[in-house]
>>> print(open('entry.txt').read())   # compact mmCIF, C-alpha atoms
# COMPACT_ATOMS: atom_id res chain seq x y z
CA MET A 1 50.42 196.77 170.21
CA PRO A 2 52.44 196.01 167.11
CA GLU A 3 56.16 196.46 167.47
CA ASP A 4 58.98 197.40 165.18
CA LEU A 5 60.43 194.47 163.32
CA TRP A 6 63.92 195.09 164.60
CA LYS A 7 62.70 195.15 168.19
CA ILE A 8 61.11 191.75 167.87
CA ARG A 9 64.12 190.36 166.04
CA GLN A 10 66.50 191.61 168.68
CA ARG A 11 64.30 190.32 171.43
CA LYS A 12 64.43 186.91 169.82
CA LYS A 13 68.21 187.25 169.68
CA MET A 14 68.35 186.84 165.97
CA SER A 15 70.58 188.59 163.50
CA VAL A 16 69.24 189.90 160.21
CA ALA A 17 70.97 187.02 158.51
CA ASP A 18 69.30 184.53 160.85
CA LEU A 19 65.91 186.03 160.20
CA SER A 20 66.55 186.07 156.48
CA ALA A 21 67.60 182.43 156.49
CA LYS A 22 64.64 181.39 158.59
CA SER A 23 62.01 183.42 156.82
CA GLY A 24 63.31 183.32 153.28
CA VAL A 25 62.98 187.09 153.05
CA PRO A 26 66.13 188.68 151.58
CA ALA A 27 68.35 190.33 154.17
CA LEU A 28 68.33 193.53 152.16
CA SER A 29 64.56 193.69 152.36
CA ILE A 30 64.66 193.07 156.11
CA GLN A 31 67.11 195.92 156.50
CA GLU A 32 64.87 198.19 154.47
CA TYR A 33 61.92 197.21 156.63
CA GLU A 34 63.83 197.77 159.83
CA LEU A 35 65.06 201.16 158.71
CA GLY A 36 61.47 202.10 157.96
CA GLN A 37 62.30 202.81 154.34
CA VAL A 38 59.45 200.70 153.07
CA ALA A 39 56.42 199.02 154.58
CA ILE A 40 56.59 195.26 154.94
CA ARG A 41 55.19 193.69 151.81
CA ALA A 42 52.07 191.63 152.24
CA ALA A 43 53.85 188.55 150.94
CA ASP A 44 56.71 188.90 153.46
CA LEU A 45 54.65 189.61 156.55
CA PRO A 46 53.50 186.04 157.26
CA LYS A 47 56.99 184.68 156.60
CA LEU A 48 58.56 187.09 159.07
CA ALA A 49 55.86 186.48 161.67
CA LYS A 50 56.34 182.75 161.37
CA ALA A 51 60.10 182.99 161.64
CA LEU A 52 59.81 185.22 164.70
CA TYR A 53 57.08 183.11 166.34
CA VAL A 54 54.69 186.05 166.59
CA GLU A 55 51.39 186.93 164.99
CA GLU A 56 51.34 189.10 161.93
CA TRP A 57 49.61 191.89 163.77
CA ASP A 58 52.39 191.94 166.32
CA ILE A 59 54.70 193.45 163.69
CA LYS A 60 54.47 197.07 162.67
CA LEU A 61 54.13 197.28 158.92
CA LEU A 62 56.33 200.38 158.87
CA SER A 63 59.04 200.26 161.49
CA GLU A 64 60.58 203.20 163.26
CA PRO A 65 64.28 203.20 162.36
CA ILE A 66 66.65 201.54 164.81
CA PRO A 67 68.05 204.22 167.17
CA THR A 68 71.74 204.61 166.50
CA SER A 69 72.70 205.40 170.14
CA ARG A 70 71.46 202.26 171.76
CA PRO A 71 73.88 200.56 174.16
CA ARG A 72 76.08 198.01 172.53
CA ARG A 73 77.95 196.45 175.44
CA PRO A 74 75.83 194.07 177.41
CA SER A 75 78.13 194.49 180.39
CA ARG A 76 77.11 198.11 180.79
CA PRO A 77 74.40 198.46 183.39
CA ARG A 78 71.09 199.42 181.87
CA PRO A 79 69.22 202.41 183.14
CA SER A 80 66.61 201.48 185.67
CA ALA A 81 63.89 202.92 183.42
CA SER A 82 64.49 200.15 180.93
CA PRO A 83 64.51 196.83 182.67
CA PRO A 84 66.26 193.88 181.06
CA ARG A 85 64.32 193.10 177.94
CA ALA A 86 64.64 189.40 177.99
CA ARG A 87 62.98 189.12 181.32
CA LYS A 88 60.22 191.47 180.34
CA GLU A 89 59.60 189.57 177.15
CA LYS A 90 59.37 186.29 178.92
CA GLY A 91 56.53 187.72 180.92
CA SER A 92 54.83 189.39 177.99
CA LYS A 93 55.11 186.32 175.86
CA LYS A 94 53.00 184.48 178.32
CA GLU A 95 50.50 187.32 178.30
CA ARG A 96 50.36 187.53 174.52
CA ARG A 97 48.07 184.63 173.94
CA PRO A 98 45.78 184.38 176.88
CA PRO A 99 42.33 183.15 176.15
CA GLY A 100 40.12 186.16 176.32
CA PRO A 101 38.89 189.19 174.47
CA ILE A 102 40.46 190.69 171.39
CA THR A 103 43.79 192.37 172.09
CA GLU A 104 44.63 196.00 171.39
CA GLY A 105 47.16 194.85 168.81
CA GLN A 106 44.52 192.85 166.99
CA LYS A 107 42.19 195.83 167.01
CA VAL A 108 44.84 198.15 165.59
CA TYR A 109 45.69 195.63 162.90
CA LEU A 110 42.04 195.07 162.14
CA ASP A 111 41.47 198.80 161.71
CA ARG A 112 44.44 198.99 159.42
CA LEU A 113 43.11 196.19 157.24
CA LEU A 114 39.65 197.75 157.21
CA THR A 115 41.17 201.03 156.01
CA LYS A 116 42.85 199.18 153.18
CA LEU A 117 39.53 197.69 152.24
CA ASP A 118 37.77 201.10 152.42
CA LEU A 119 35.56 199.71 155.13
CA SER A 120 34.61 201.53 158.34
CA ARG A 121 34.62 199.74 161.67
CA GLU A 122 30.83 200.26 161.80
CA ALA A 123 30.29 198.73 158.39
CA PHE A 124 32.46 195.77 159.35
CA GLU A 125 30.56 195.24 162.57
CA ALA A 126 27.26 195.47 160.72
CA LYS A 127 28.46 192.82 158.33
CA LEU A 128 29.75 190.71 161.19
CA GLY A 129 26.54 191.11 163.17
CA ARG A 130 28.39 191.97 166.39
CA SER A 131 30.89 194.44 167.75
CA VAL A 132 34.61 194.02 167.39
CA GLU A 133 35.01 194.40 171.12
CA SER A 134 32.91 191.29 171.69
CA LEU A 135 35.29 189.09 169.68
CA THR A 136 37.55 186.66 171.42
CA GLN A 137 41.21 186.53 170.49
CA GLU A 138 40.61 183.38 168.53
CA GLU A 139 37.67 184.83 166.65
CA ALA A 140 39.62 188.02 165.99
CA ARG A 141 42.44 185.93 164.56
CA GLU A 142 40.04 184.27 162.17
CA GLN A 143 38.57 187.58 161.08
CA LEU A 144 42.01 189.05 160.58
CA LYS A 145 42.99 186.15 158.38
CA LEU A 146 39.92 186.67 156.25
CA LEU A 147 40.55 190.38 155.96
CA GLN A 148 44.19 189.76 155.08
CA GLU A 149 43.06 187.51 152.27
CA GLN A 150 40.77 190.22 150.99
CA VAL A 151 43.54 192.80 151.12
CA ARG A 152 45.90 190.47 149.35
CA GLU A 153 43.39 189.80 146.65
CA ARG A 154 42.68 193.47 146.29
CA ASN A 155 46.36 194.31 146.03
CA GLN A 156 47.00 191.88 143.21
CA ARG A 157 47.72 193.93 140.12
CA ALA A 158 45.56 193.60 137.05
CA ARG A 159 46.79 191.04 134.56
CA GLU A 160 48.29 192.23 131.28
CA THR A 161 45.54 190.42 129.44
CA GLN A 162 42.93 192.34 131.43
CA ILE A 163 44.54 195.65 130.49
CA ALA A 164 44.76 194.57 126.85
CA HIS A 165 41.09 193.62 126.93
CA ILE A 166 40.16 196.97 128.51
CA LEU A 167 42.03 198.80 125.75
CA GLU A 168 40.33 196.67 123.11
CA LEU A 169 36.87 197.38 124.47
CA GLY A 170 37.82 201.03 124.82
CA LYS A 171 38.69 201.15 121.13
CA LYS A 172 35.28 199.79 120.25
CA LEU A 173 33.70 202.43 122.47
CA GLU A 174 35.93 205.12 120.95
CA MET A 175 37.70 205.67 124.26
CA ASP A 176 41.45 206.14 124.24
CA ARG A 177 43.73 205.22 127.13
CA PRO A 178 43.49 208.60 128.92
CA ALA A 179 39.69 208.38 128.76
CA LEU A 180 39.77 204.86 130.19
CA GLU A 181 42.14 205.92 132.94
CA ALA A 182 39.91 208.87 133.75
CA GLU A 183 37.05 206.41 133.99
CA ALA A 184 39.07 204.09 136.21
CA GLY A 185 40.37 206.95 138.32
CA LYS A 186 43.94 205.75 138.05
CA PRO A 187 46.48 204.49 135.51
CA LEU A 188 45.47 201.13 134.09
CA THR A 189 48.72 199.56 135.28
CA GLU A 190 47.78 200.42 138.85
CA LEU A 191 44.42 198.72 138.73
CA SER A 192 43.94 195.69 140.91
CA ARG A 193 42.53 192.54 139.35
CA ARG A 194 39.19 193.17 140.94
CA GLU A 195 39.06 196.77 139.74
CA ALA A 196 40.08 195.71 136.27
CA SER A 197 37.41 193.07 136.29
CA ARG A 198 34.79 195.60 137.36
CA LEU A 199 35.87 198.04 134.66
CA LEU A 200 35.76 195.28 132.06
CA ARG A 201 32.23 194.39 133.07
CA ASP A 202 31.12 198.02 132.81
CA LEU A 203 32.73 198.47 129.41
CA GLN A 204 31.28 195.22 128.14
CA GLU A 205 27.79 196.23 129.25
CA ARG A 206 28.18 199.59 127.57
CA LEU A 207 29.38 197.95 124.37
CA THR A 208 26.47 195.53 124.36
CA ALA A 209 24.07 198.45 124.77
CA LYS A 210 25.79 200.34 121.98
CA GLN A 211 25.65 197.38 119.64
CA ALA A 212 21.98 196.84 120.39
CA ALA A 213 21.28 200.47 119.54
CA THR A 214 23.21 200.34 116.25
CA PRO A 215 21.29 198.86 113.34
CA LYS A 216 23.09 195.97 111.71
CA ARG A 217 24.86 196.96 108.53
CA LYS A 218 23.81 195.14 105.45
CA ARG A 219 26.60 194.02 103.21
CA ALA A 220 26.24 195.09 99.64
CA HIS A 221 25.19 192.15 97.51
CA LEU A 222 28.01 191.69 95.08
CA PRO A 223 27.39 188.32 93.47
CA GLU A 224 31.03 187.65 92.68
CA ALA A 225 30.55 184.06 93.70
CA VAL A 226 27.26 183.68 91.88
CA ASP A 227 26.93 182.67 88.29
CA GLU A 228 23.17 182.51 88.19
CA PHE A 229 22.66 185.41 85.77
CA GLU A 230 24.58 183.82 82.95
CA PHE A 231 23.10 180.45 83.90
CA ASN A 232 19.56 181.86 83.68
CA TYR A 233 20.30 183.54 80.38
CA LEU A 234 21.67 180.33 78.86
CA ALA A 235 18.78 178.26 80.27
CA ARG A 236 16.27 180.62 78.68
CA GLN A 237 18.05 180.56 75.33
CA GLN A 238 18.16 176.78 75.42
CA GLU A 239 14.48 176.58 76.29
CA GLU A 240 13.55 178.93 73.46
CA GLY A 241 15.79 177.07 71.03
CA ALA A 242 17.52 180.31 70.16
CA THR A 243 20.57 180.37 67.98
CA LEU A 244 23.54 182.05 69.61
CA VAL A 245 26.61 183.48 67.94
CA PHE A 246 29.88 183.01 69.83
CA THR A 247 32.96 185.12 69.16
CA LEU A 248 36.18 183.57 70.37
CA PHE A 249 39.42 185.28 71.28
CA ASP A 250 41.10 184.15 68.12
CA GLY A 251 38.39 185.89 66.11
CA SER A 252 36.62 182.73 65.02
CA VAL A 253 32.84 182.68 65.21
CA PHE A 254 30.59 179.74 66.04
CA SER A 255 26.81 179.66 66.02
CA GLY A 256 24.23 177.15 67.00
CA GLN A 257 21.59 176.10 69.49
CA ILE A 258 22.52 175.23 73.00
CA VAL A 259 22.66 171.55 73.78
CA GLY A 260 24.05 171.93 77.28
CA PHE A 261 26.32 174.06 79.39
CA SER A 262 28.37 174.05 82.57
CA PRO A 263 30.30 176.74 84.41
CA TYR A 264 33.26 175.97 82.15
CA SER A 265 31.87 175.13 78.74
CA ILE A 266 28.90 175.47 76.40
CA THR A 267 27.95 172.79 73.89
CA ILE A 268 26.09 173.88 70.79
CA ARG A 269 24.60 172.16 67.77
CA GLU A 270 25.65 173.93 64.61
CA PRO A 271 23.22 174.40 61.71
CA GLY A 272 24.88 171.43 59.99
CA GLY A 273 24.09 169.20 62.94
CA ASP A 274 27.61 169.05 64.39
CA GLU A 275 27.98 169.44 68.13
CA VAL A 276 30.79 171.69 69.31
CA THR A 277 31.85 172.27 72.87
CA LEU A 278 33.27 175.73 73.46
CA GLN A 279 35.46 176.34 76.48
CA LYS A 280 34.34 179.49 78.22
CA LEU A 281 37.94 180.58 78.54
CA ALA A 282 38.10 180.72 74.76
CA ILE A 283 34.91 182.77 74.43
CA ALA A 284 35.07 186.57 74.37
CA TYR A 285 31.33 187.21 74.04
CA TYR A 286 28.14 185.84 72.56
CA ARG A 287 24.69 187.03 71.56
CA ARG A 288 21.51 185.85 69.91
CA ALA A 289 21.69 185.61 66.18
CA THR A 290 20.37 188.72 64.44
CA GLY A 291 16.65 188.73 63.82
CA GLN A 292 15.83 186.40 66.66
CA GLY A 293 14.83 189.16 69.06
CA GLY A 294 14.61 188.05 72.63
CA GLU A 295 16.55 189.58 75.42
CA MET B 1 41.20 190.76 82.09
CA SER B 2 42.41 190.60 85.63
CA LEU B 3 45.81 189.22 86.51
CA GLY B 4 44.22 186.10 87.94
CA ASP B 5 42.20 185.42 84.82
CA TYR B 6 45.19 186.17 82.64
CA LEU B 7 47.44 183.74 84.50
CA ARG B 8 44.79 181.05 84.24
CA TYR B 9 44.53 181.79 80.55
CA LEU B 10 48.30 181.62 80.11
CA ARG B 11 48.39 178.34 82.01
CA ALA B 12 45.71 176.90 79.72
CA LEU B 13 47.62 178.22 76.72
CA HIS B 14 50.79 176.43 77.87
CA GLY B 15 49.11 173.07 78.17
CA GLY B 16 47.15 173.42 81.38
CA MET B 17 49.86 172.26 83.74
CA ASP B 18 49.09 172.44 87.45
CA THR B 19 50.41 175.22 89.64
CA TRP B 20 52.77 172.81 91.47
CA THR B 21 54.67 172.42 88.22
CA ILE B 22 54.90 176.17 87.73
CA ALA B 23 55.92 176.73 91.36
CA ARG B 24 58.76 174.23 91.05
CA ALA B 25 59.87 175.73 87.76
CA ILE B 26 60.21 179.22 89.17
CA GLY B 27 61.78 178.13 92.46
CA LEU B 28 58.85 178.26 94.85
CA GLU B 29 58.38 175.63 97.55
CA HIS B 30 54.62 175.82 97.33
CA PRO B 31 52.16 177.00 94.66
CA TYR B 32 50.16 178.94 97.21
CA PRO B 33 51.26 182.42 95.99
CA ILE B 34 50.33 181.49 92.40
CA ASN B 35 47.01 180.01 93.45
CA GLU B 36 46.30 183.12 95.42
CA ILE B 37 46.84 185.40 92.44
CA GLU B 38 44.71 183.17 90.25
CA GLN B 39 41.88 182.83 92.72
CA ARG B 40 41.67 186.06 94.65
CA TYR B 41 39.48 188.84 93.38
CA ARG B 42 41.54 191.63 94.84
CA ALA B 43 44.94 192.80 93.62
CA VAL B 44 47.58 190.36 94.88
CA GLY B 45 51.07 189.29 93.86
CA ASP B 46 54.36 191.03 94.58
CA ASP B 47 56.69 192.33 91.89
CA ASP B 48 59.27 189.56 92.40
CA LEU B 49 56.74 186.84 91.79
CA LEU B 50 55.30 188.64 88.78
CA ALA B 51 58.79 188.92 87.30
CA LYS B 52 59.30 185.16 87.69
CA LEU B 53 55.93 184.37 86.17
CA ALA B 54 56.57 186.76 83.29
CA THR B 55 59.82 184.96 82.54
CA TYR B 56 58.14 181.57 82.80
CA TYR B 57 55.29 182.48 80.45
CA ASP B 58 57.51 184.69 78.30
CA VAL B 59 55.30 187.75 78.56
CA PRO B 60 56.20 191.34 79.52
CA VAL B 61 56.21 191.85 83.28
CA GLU B 62 54.66 195.30 82.76
CA ASP B 63 51.63 193.54 81.33
CA LEU B 64 51.24 191.48 84.49
CA ARG B 65 51.65 194.56 86.70
CA TRP B 66 49.09 196.45 84.63
CA ARG B 67 46.61 193.61 84.98
CA ARG B 68 47.20 193.38 88.70
CA GLU B 69 45.74 196.85 89.05
CA ARG B 70 42.66 195.76 87.11
CA SER B 71 41.49 193.12 89.50
CA ARG B 72 38.15 191.36 89.38
CA LYS B 73 37.15 193.35 92.43
CA ALA B 74 37.89 196.63 90.64
CA PHE B 75 35.76 195.57 87.68
CA THR B 76 33.01 194.37 89.98
CA ILE B 77 32.82 197.73 91.68
CA PHE B 78 32.74 199.50 88.32
CA ALA B 79 30.09 197.18 86.85
CA ASP B 80 27.88 197.36 89.91
CA GLU B 81 28.03 201.14 90.02
CA ALA B 82 27.36 201.39 86.27
CA MET B 83 24.39 199.05 86.53
CA ARG B 84 22.85 200.92 89.44
CA THR B 85 23.28 204.34 87.86
CA GLY B 86 22.35 203.16 84.36
CA GLN B 87 25.37 204.80 82.81
CA THR B 88 26.72 203.78 79.46
CA VAL B 89 30.04 202.00 79.58
CA ARG B 90 32.73 201.08 77.16
CA LEU B 91 34.40 197.69 77.47
CA HIS B 92 37.68 197.17 75.70
CA LEU B 93 38.23 193.52 74.95
CA ARG B 94 41.47 191.62 74.79
CA MET B 95 41.20 190.94 71.07
CA GLY B 96 40.85 194.67 70.34
CA ASP B 97 37.05 195.00 70.08
CA THR B 98 35.24 197.70 72.01
CA LEU B 99 31.64 197.22 73.06
CA GLU B 100 29.47 200.04 74.31
CA GLY B 101 26.19 199.85 76.17
CA ARG B 102 24.52 199.60 79.54
CA ILE B 103 25.21 196.79 81.98
CA THR B 104 21.96 194.97 82.76
CA TRP B 105 23.46 192.23 84.93
CA TRP B 106 26.79 190.85 85.99
CA ASP B 107 27.97 187.84 87.93
CA LEU B 108 30.90 185.56 88.55
CA GLY B 109 31.70 184.88 84.91
CA ALA B 110 30.04 187.38 82.65
CA VAL B 111 28.39 190.73 82.11
CA GLY B 112 25.11 191.31 80.29
CA LEU B 113 25.61 194.39 78.13
CA GLN B 114 22.71 196.03 76.32
CA ARG B 115 24.43 197.43 73.29
CA THR B 116 23.99 201.05 72.44
CA GLY B 117 22.04 201.44 69.21
CA ASP B 118 20.34 198.11 68.60
CA GLY B 119 19.60 197.29 72.27
CA GLU B 120 20.88 193.79 71.69
CA ILE B 121 22.09 191.87 74.74
CA ILE B 122 25.65 190.72 74.47
CA VAL B 123 27.04 188.37 77.07
CA VAL B 124 30.63 189.45 77.58
CA GLN B 125 32.91 187.07 79.45
CA ARG B 126 34.64 188.91 82.26
CA HIS B 127 37.98 187.45 81.36
CA ALA B 128 37.69 189.07 77.92
CA VAL B 129 37.54 192.57 79.35
CA ASP B 130 40.92 194.26 79.45
CA GLU B 131 39.87 197.78 80.29
CA TRP B 132 36.68 199.58 81.09
CA GLU B 133 35.46 203.13 81.26
CA SER B 134 32.31 205.17 81.53
CA ALA B 135 31.02 206.45 78.18
CA THR B 136 28.41 208.71 79.71
CA GLY B 137 28.98 212.34 78.85
CA ASN B 138 31.52 211.50 76.16
>>> encode(input="entry.txt", output="structure tokens")
Amino acid sequence: MPEDLWKIRQRKKMSVADLSAKSGVPALSIQEYELGQVAIRAADLPKLAKALYVEEWDIKLLSEPIPTSRPRRPSRPRPSASPPRARKEKGSKKERRPPGPITEGQKVYLDRLLTKLDLSREAFEAKLGRSVESLTQEEAREQLKLLQEQVRERNQRARETQIAHILELGKKLEMDRPALEAEAGKPLTELSRREASRLLRDLQERLTAKQAATPKRKRAHLPEAVDEFEFNYLARQQEEGATLVFTLFDGSVFSGQIVGFSPYSITIREPGGDEVTLQKLAIAYYRRATGQGGE
Amino acid sequence: MSLGDYLRYLRALHGGMDTWTIARAIGLEHPYPINEIEQRYRAVGDDDLLAKLATYYDVPVEDLRWRRERSRKAFTIFADEAMRTGQTVRLHLRMGDTLEGRITWWDLGAVGLQRTGDGEIIVVQRHAVDEWESATGN
């Protein structure tokens, strides 16, 4: 059966400071654990077990507080009901790792891990293909390690980037944070990585379905980067040999047939035969000479 | 004429210097803000920069601000709407002329205006248009 942390520590004749130094777990945390104020954190459990030379499942995750009235002076004779601990422990230590079937402590710890994973003993056994009772200690240890890994993974909090991505997808699906949290069943900050990942996948699938159902919007054709209309007009006038009349900003007027043009200038041949190149920036407007018809 | 067109016009009028030269003259490290005003179709350019450019080109800053609100994009939206609805428009040109008619096409550089009365097509350069309005119902 798992024991209180302080019991094991005392049995090993270690002070809190010793245990802290050996395990790397802060003394304050150890005190909190021993007083039963908080459960032993998943990250600390293996460190403490290693420092105390016990298995993880030998330690109660939530200790009973240390009784305040326990005898302090070793010289005082102990009541016969509680034999000297050291001697008892020597015996039990030998018994703790005998080759053989799964121990009660392992079973309790296994059930605790299964609870954390929302898995019944039956479901676990079905997955395993055999009963828990049929496991050897060694096999149980392996299974416990695997389950611990799963619990650890499950307990890892969702990354900030996952939460940001969830909110982003929610926006696209017109879901605000409360709606997303209602969907998740808990605040987003309390999601585990796996839960966040599952929610992301669901939202992404929903968004894909939504996008598939929405017809693609067509952008209005605003040919701001196209100059083909003026180009076509000038090409036609050139082909027809039309005479155009150009009015410039300074009020001057030029007329003639188009010799050539570019996006920036138009070259015309005036009635006298002179060629003049007009910069478009200088032109206000132009038209076909009166009486020529056309467009 | 939009602010961008007007600044290009002013630059041409002052000898066609590049925008690096102007940027240095008005204390900018890079001509990017000037290029942006000249090239973008939407309304860009903050008041500080317009004030500096007005001083440089010796033109009223109010004129630059007024033109900023008449961006190419604003004229595009007006011209496109007028063409689709077939409404008669009035284009006020920079040299004081006003042309009235229906827009039959428009593009990057010009607008094809079918003049009211004789039905003649006049190709109006976009940079010549200072102001525009609908003449339908007037």
>>> residues_around(input="entry.txt", residues="segment 34-48 of chain B", least_positions_apart="4", cutoff="9 Å", atoms="all atoms listed in the file", output="list in words")
Glu224 of chain A; Ser2, Leu3, Gly4, Asp5, Tyr6, Leu7, Arg8, Thr19, Ile22, Ala23, His30, Lys52, Leu53, Val61, Arg65, Arg67, Arg68, Glu69, Arg70, Ser71, Arg72, Lys73 and Ala74 of chain B
>>> atom_distance(input="entry.txt", atom1="atom CA of Leu62 of chain A", atom2="atom CA of Asp111 of chain A")
15.2 Å
>>> residues_around(input="entry.txt", residues="segment 95-105 of chain B", least_positions_apart="2", cutoff="10 Å", atoms="only C-alpha atoms", output="PDB file with C-alpha atoms, keeping the file's coordinate frame")
ATOM      1  CA  PHE A 229      22.660 185.410  85.770  1.00  0.00           C
ATOM      2  CA  GLU A 230      24.580 183.820  82.950  1.00  0.00           C
ATOM      3  CA  LEU A 248      36.180 183.570  70.370  1.00  0.00           C
ATOM      4  CA  PHE A 249      39.420 185.280  71.280  1.00  0.00           C
ATOM      5  CA  ASP A 250      41.100 184.150  68.120  1.00  0.00           C
ATOM      6  CA  GLY A 251      38.390 185.890  66.110  1.00  0.00           C
ATOM      7  CA  ALA A 284      35.070 186.570  74.370  1.00  0.00           C
TER       8      ALA A 284
ATOM      9  CA  ALA B  79      30.090 197.180  86.850  1.00  0.00           C
ATOM     10  CA  ASP B  80      27.880 197.360  89.910  1.00  0.00           C
ATOM     11  CA  GLU B  81      28.030 201.140  90.020  1.00  0.00           C
ATOM     12  CA  ALA B  82      27.360 201.390  86.270  1.00  0.00           C
ATOM     13  CA  MET B  83      24.390 199.050  86.530  1.00  0.00           C
ATOM     14  CA  ARG B  84      22.850 200.920  89.440  1.00  0.00           C
ATOM     15  CA  THR B  85      23.280 204.340  87.860  1.00  0.00           C
ATOM     16  CA  GLY B  86      22.350 203.160  84.360  1.00  0.00           C
ATOM     17  CA  GLN B  87      25.370 204.800  82.810  1.00  0.00           C
ATOM     18  CA  THR B  88      26.720 203.780  79.460  1.00  0.00           C
ATOM     19  CA  VAL B  89      30.040 202.000  79.580  1.00  0.00           C
ATOM     20  CA  ARG B  90      32.730 201.080  77.160  1.00  0.00           C
ATOM     21  CA  LEU B  91      34.400 197.690  77.470  1.00  0.00           C
ATOM     22  CA  HIS B  92      37.680 197.170  75.700  1.00  0.00           C
ATOM     23  CA  LEU B  93      38.230 193.520  74.950  1.00  0.00           C
ATOM     24  CA  ASP B 107      27.970 187.840  87.930  1.00  0.00           C
ATOM     25  CA  ALA B 110      30.040 187.380  82.650  1.00  0.00           C
ATOM     26  CA  VAL B 111      28.390 190.730  82.110  1.00  0.00           C
ATOM     27  CA  GLY B 112      25.110 191.310  80.290  1.00  0.00           C
ATOM     28  CA  LEU B 113      25.610 194.390  78.130  1.00  0.00           C
ATOM     29  CA  GLN B 114      22.710 196.030  76.320  1.00  0.00           C
ATOM     30  CA  ARG B 115      24.430 197.430  73.290  1.00  0.00           C
ATOM     31  CA  THR B 116      23.990 201.050  72.440  1.00  0.00           C
ATOM     32  CA  GLY B 117      22.040 201.440  69.210  1.00  0.00           C
ATOM     33  CA  ASP B 118      20.340 198.110  68.600  1.00  0.00           C
ATOM     34  CA  GLY B 119      19.600 197.290  72.270  1.00  0.00           C
ATOM     35  CA  GLU B 120      20.880 193.790  71.690  1.00  0.00           C
ATOM     36  CA  ILE B 121      22.090 191.870  74.740  1.00  0.00           C
ATOM     37  CA  ILE B 122      25.650 190.720  74.470  1.00  0.00           C
ATOM     38  CA  VAL B 123      27.040 188.370  77.070  1.00  0.00           C
ATOM     39  CA  VAL B 124      30.630 189.450  77.580  1.00  0.00           C
ATOM     40  CA  ALA B 128      37.690 189.070  77.920  1.00  0.00           C
ATOM     41  CA  VAL B 129      37.540 192.570  79.350  1.00  0.00           C
ATOM     42  CA  ASP B 130      40.920 194.260  79.450  1.00  0.00           C
ATOM     43  CA  GLU B 131      39.870 197.780  80.290  1.00  0.00           C
ATOM     44  CA  TRP B 132      36.680 199.580  81.090  1.00  0.00           C
ATOM     45  CA  GLU B 133      35.460 203.130  81.260  1.00  0.00           C
ATOM     46  CA  SER B 134      32.310 205.170  81.530  1.00  0.00           C
ATOM     47  CA  ALA B 135      31.020 206.450  78.180  1.00  0.00           C
ATOM     48  CA  THR B 136      28.410 208.710  79.710  1.00  0.00           C
TER      49      THR B 136
END
>>> atom_distance(input="entry.txt", atom1="atom CA of Asn232 of chain A", atom2="atom CA of Lys280 of chain A")
15.9 Å
>>> atom_distance(input="entry.txt", atom1="atom CA of Ala242 of chain A", atom2="atom CA of Glu228 of chain A")
19.0 Å
>>> residues_around(input="entry.txt", residues="Glu149 of chain A", least_positions_apart="4", cutoff="12 Å", atoms="all atoms listed in the file", output="ChimeraX atom specification")
/A:42-43,46,113-114,116-117,142-145,153-156
>>> closest_residue(input="entry.txt", among="A:Ala179, A:Leu128, A:Ala158, A:Ala282", to="chain B", atoms="only C-alpha atoms")
A:Ala282
>>> closest_residue(input="entry.txt", among="B:Ile26, B:Leu50, B:Tyr32, B:Phe75", to="Leu108 of chain B", atoms="only C-alpha atoms")
B:Phe75
>>> residues_around(input="entry.txt", residues="Gln106 of chain A", least_positions_apart="5", cutoff="9 Å", atoms="all atoms listed in the file", output="PyMOL selection string")
chain A and resi 1-2+57-58+111+137+140-141+144
>>> closest_residue(input="entry.txt", among="B:Met17, B:Ile77, B:Ala54, B:Leu64", to="chain A", atoms="all atoms listed in the file")
B:Ile77
>>> build_atoms(input="entry.txt", residues="segment 94-102 of chain B", atoms="N, CA and C atoms", output="compact mmCIF listing (two decimals), in the coordinates of the input")
# COMPACT_ATOMS: atom_id res chain seq x y z
N ARG B 94 40.08 192.02 74.99
CA ARG B 94 41.47 191.62 74.79
C ARG B 94 41.83 191.51 73.32
N MET B 95 40.83 191.10 72.48
CA MET B 95 41.20 190.94 71.07
C MET B 95 41.06 192.26 70.30
N GLY B 96 40.85 193.36 71.01
CA GLY B 96 40.85 194.67 70.34
C GLY B 96 39.47 195.26 70.14
N ASP B 97 38.40 194.48 70.27
CA ASP B 97 37.05 195.00 70.08
C ASP B 97 36.68 195.94 71.24
N THR B 98 35.80 196.86 70.94
CA THR B 98 35.24 197.70 72.01
C THR B 98 33.72 197.62 71.92
N LEU B 99 33.10 197.31 73.02
CA LEU B 99 31.64 197.22 73.06
C LEU B 99 31.12 198.33 73.97
N GLU B 100 30.01 198.94 73.52
CA GLU B 100 29.47 200.04 74.31
C GLU B 100 28.00 199.77 74.62
N GLY B 101 27.59 200.06 75.80
CA GLY B 101 26.19 199.85 76.17
C GLY B 101 25.99 200.01 77.66
N ARG B 102 24.83 199.51 78.11
CA ARG B 102 24.52 199.60 79.54
C ARG B 102 24.57 198.20 80.14
